[in-house]
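Peer 1: Below are the structure tokens for one structure; questions will follow.
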Protein chains: 2
Amino acid sequence: MAYRRTEVASQRLADKRARILRAARDLVAEGGWAAAQMDNVAAKADVATGTVYRYWPSKAELCAEIVASVSERELGILTAVADAGGPPSETLVAAIRAFASRALRGRRLAYAMIAEPVDPEVESVRLDYRAQLAHCFERILRQGIMRGVFPRLDPTVAAACIVGAFMEALVGPLAPARGTGARADRHLVEEIARFCLRASIGEGKP
Amino acid sequence: MAYRRTEVASQRLADKRARILRAARDLVAEGGWAAAQMDNVAAKADVATGTVYRYWPSKAELCAEIVASVSERELGILTAVADAGGPPSETLVAAIRAFASRALRGRRLAYAMIAEPVDPEVESVRLDYRAQLAHCFERILRQGIMRGVFPRLDPTVAAACIVGAFMEALVGPLAPARGTGARADRHLVEEIARFCLRASIGEGKP
DNA sequence: CGCCGGAATGAACCTTGGTTCATTCTTTCT
DNA sequence: AGAAAGAATGAACCAAGGTTCATTCCGGCG
């Protein structure tokens, strides 16, 4: 029946869309935004250049969707951790661990999503992700302050500091080269988590 | 005499070089690397496009020199503060204050120097600046650990965290919009400094 | 005064990478 | 099977921006 056939067709359509999106995301994960040229994307998805434009009106929208999809997934996980309840200091460490360990499994992608600028149209989506990321930590911090576990600190500034700290130490260009062992990675994550924890619960009177 | 004339001529040469360099740097300070197009630079320096190429072989080398000159100045100041002696926790705060207050007076430039990627050839100079910046803080941290003021922390990771923290909170795209008053700026700097101080001297046992 | 060499000019060139579209191939329906 | 609709193709097009170079300008020297 026509009904069935339409469904199959639209399924195939969605599949191809997803395939192209995945190809583009993989390219970004390998070489950052610069590697995601339309010709490359098409080649990686086994599709002609023009075909990509059947599914997205422009490169900017394709890139925006990459950010949006990655962002949705990561924020979902992070939010779940942040809202799980329990002592704020443990929540904070858990959140950092969750985010960091995932970021380590794709540093280049994480860097591209959080830090690497792109063209203006994509940038706003990226900044939004970043802001929501910070907001997650801000909520944890507010919890801690309300319960008196954390000292009086400006949670907005502190949240930005936390995001910046692990961004720089974990996925930034200054971070230890890719390919260091799992042991080194674990050390790094723990060290960052401790840094942020101290910054959040410490006294701060020299 | 010929001697005098040669000297005058080369002085004029150096002057023009400096003028172009300053023009380019100002453009970066206003609109980041994207604003530093050769046509723009030439126009801002009241010079024809081709003239720029009499003084630098390529855009990359011009940009590299911008980074190098800014970097030298800032690192000089920061190093002086870091090596001045005194209690490490005070030194740390002083260093952050010194760097941050200067960065505030030219956020866009600071962001371009520390965070915004450029083409590969310039990038290496920029990363070097960043590394030296982190190294400055690392030295302060080591001092503190040796003297037993700071807990056992990995100074390399912690230094990266510090750089990342103020980068993000102070000059990053998430930072409060430009033009907030001097009072807000001061609050921001102090809040960042306290964050880093707590992270450095805190106990870190939840 | 007329010539000469170096500096300045800026329009033209070239490369890179996003976008388009006339053509070809596939699938579906009769 | 044959035609119509939809999807795919990839070479050509276009814009942006860095670089070049034939030409012009200018100050000093014989």
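Following the order of the structure tokens, chains are lettered A, B, ..., residues in each are numbered from 1, and ligands are numbered from 1.
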Residues of chain D that approach chain A to 7 Å or less, counting only C-alpha atoms (C1' of nucleotides): could you list each one with the shortest pair of atoms and its distance in Å to one decimal, rows by chain and increasing residue number, as a Markdown table?

Peer 2:
```
| residue | atom | partner | partner_atom | distance |
| --- | --- | --- | --- | --- |
| D:DA8 | C1' | A:Thr51 | CA | 6.2 |
| D:DT9 | C1' | A:Ala48 | CA | 5.9 |
| D:DG10 | C1' | A:Ala48 | CA | 6.9 |
```

Peer 1: Set the distance at 10 Å and use only C-alpha atoms (C1' of nucleotides): which residues neighbour C:DT16 once local chain neighbours fewer than 2 positions away are removed? I'd like the list as a PyMOL selection string.

Peer 2: (chain C and resi 14+18) or (chain D and resi 16-17)

Peer 1: Using only C-alpha atoms, select each residue of chain B with any atom at most 6 Å away from an atom of chain A, and give the selection as number ranges by chain.

Peer 2: B: 160-161, 164-165, 168-169, 195, 198-199, 202, 204

Peer 1: Residues of the last selection are to be written out with C-alpha atoms, as a PDB file, in the first residue's frame.

Peer 2:
```pdb
ATOM      1  CA  ALA B 160      46.319  24.932  33.479  1.00  0.00           C
ATOM      2  CA  CYS B 161      43.130  25.089  35.531  1.00  0.00           C
ATOM      3  CA  GLY B 164      41.498  28.223  32.012  1.00  0.00           C
ATOM      4  CA  ALA B 165      39.449  29.566  34.859  1.00  0.00           C
ATOM      5  CA  GLU B 168      36.743  31.602  30.666  1.00  0.00           C
ATOM      6  CA  ALA B 169      35.382  33.836  33.383  1.00  0.00           C
ATOM      7  CA  PHE B 195      38.316  30.884  43.429  1.00  0.00           C
ATOM      8  CA  ARG B 198      40.696  28.425  47.497  1.00  0.00           C
ATOM      9  CA  ALA B 199      41.571  25.811  44.895  1.00  0.00           C
ATOM     10  CA  GLY B 202      42.014  24.356  50.284  1.00  0.00           C
ATOM     11  CA  GLY B 204      39.891  19.157  49.274  1.00  0.00           C
TER      12      GLY B 204
END
```

Peer 1: Determine which residues of chain A DSSP labels as helix (DSSP H, G or I) from the backbone of this structure, then write them out as an MDAnalysis selection string.

Peer 2: chainID A and resid 2:31 33:35 38:44 49:55 59:82 88:104 107:114 120:146 155:171 182:201

Peer 1: When distances are computed from only C-alpha atoms (C1' of nucleotides), which of C:DC13, C:DT26, C:DC4, C:DT20 shows the smallest separation from chain A?

Peer 2: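 Closest to chain A of all the choices is C:DT20.
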
Peer 1: Between atom CA of B:Val67 and atom CA of B:Val122, what is the distance in Å, rounded to a tenth?

Peer 2: 8.0 Å

Peer 1: Based on only C-alpha atoms (C1' of nucleotides), which of the residues in chain A come within 8 Å of chain C? I want them as a list of chain:residue names.

Peer 2: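 Close enough to count are A:Gln37, A:Met38, A:Lys59.
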
Peer 1: Could you tell me how far atom CA of B:Glu74 sits from atom CA of B:Gly148, in Å to one decimal place?

Peer 2: 29.0 Å

Peer 1: Using only C-alpha atoms (C1' of nucleotides), determine which residues lie at most 12 Å from B:Arg73, disregarding the query and same-chain residues fewer than 5 positions distant; provide the list as a list in words.

Peer 2: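 Residues meeting the cut-off are Ile66, Val67, Ala68, Leu78, Thr79, Ala80, Phe99, Arg102, Tyr129 and Leu133 of chain B.
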
Peer 1: Could you name the residues that touch A:Ile20 at 10 Å or less, counting only C-alpha atoms (C1' of nucleotides), but leaving out those on the same chain fewer than 4 positions away, as a ChimeraX atom specification?

Peer 2: /A:14-16,24-26,41-47,51-52,55,62
